[in-house]
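Step one of this worksheet: look at the structure below.
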Amino acid sequence: TVTQTTSKSTGVVINTSCGRIITHEQSLPSGQSVLFNVINSNAYNSVAVVSIDISTSFHWEYRAEVVAVGNGGMVIRLTNLSTIPLESNVIINFALLKIAAT
């Protein structure tokens with residue numbers, strides 16, 4: 001587990017093939033998204049899968065998705081799907097699935 005320290009756009013470092021990211025509690029306006037980097041040495045030749053943990057307040061009002069994976073990390077987009085600003089920590093679970101090298 002790793003926790004963002006200053007905002008929802010703050011990058012994190014977690015060098016495991018699976019784990020959880022706890023976002024900062026900063027308010028995210030209605031309909032807005034934020035991107036953040038996840039430094040992870042296991043990301044090379046991987047497919048990244050993310051999901052929002054059901055223990056997150058208003059978990060049905062957020063969407064997490066991977067927008068890029070590369071050598072050394074990934075980029076996650078977190079979106080507030082609700083009609084109101086949300087101010088809470090979001091728990092994002094992730095897994096890196098290795099693909100065959102060609």
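As shown in the structure tokens, the chain order sets the letters A, B, ...; within each chain, residues go from 1, and ligands are also counted from 1 in the order they appear.
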9 Å contact set for Asn42 (chain A), only C-alpha atoms, chain neighbours under 6 positions out, as an MDAnalysis selection string: chainID A and resid 15:17 71:73 96 98
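The shell of residues at most 9 Å from Val69 (chain A), with only C-alpha atoms counted and near chain neighbours (fewer than 4 positions) removed, consists of Ala43, Tyr44, Asn45, Ser46, Val47, Ala48, Gly73, Met74 and Val75 of chain A.
Each of A:Glu65, A:Pro29, A:Val34, A:Thr6 was checked against Pro85 (chain A) using only C-alpha atoms; the smallest atom-to-atom distance is that of A:Pro29.
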Polymer residues at most 7 Å from Ser88 (chain A), only C-alpha atoms, same-chain spacing of 4 or more positions, as a count of residues only: 4
Of the listed residues A:Val38, A:Val2, A:Leu86, A:Val12, that which approaches Phe58 (chain A) most closely, counting only C-alpha atoms: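 Comparing A:Val38, A:Val2, A:Leu86, A:Val12 against Phe58 (chain A), the winner is A:Leu86.
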Nearest residue to Leu81 (chain A) from the set A:His59, A:Val67, A:Ile52, A:Ser30 (distances using only C-alpha atoms): A:Ser30
Residues within 7 Å of Gln4 (chain A), only C-alpha atoms, excluding chain neighbours under 4 positions, as a count of residues only: 6
Atom pair CA of Trp60 (chain A) / CA of Leu97 (chain A): separation (Å):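 Those two atoms sit 25.0 Å apart.
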Contacts of Tyr62 (chain A) within 10 Å, only C-alpha atoms, excl. fewer than 5 positions in-chain, as a list in words: Leu28, Gly31, Ser33, Ser51, Ile52, Thr56, Ser57, Leu78, Thr79, Asn80, Leu81, Ser82, Leu86 and Val90 of chain A
DSSP strand (DSSP E or B) selection over region 5-101 of chain A, as a PyMOL selection string: chain A and resi 12-13+18-22+27-28+33-39+46-52+62-70+73-80+86-87+91-98
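You will find CA of Val13 (chain A) at 19.3 Å from CA of Asp53 (chain A).
Reported to one decimal place, the separation of CA of Phe36 (chain A) from CA of Thr5 (chain A) is 12.2 Å.
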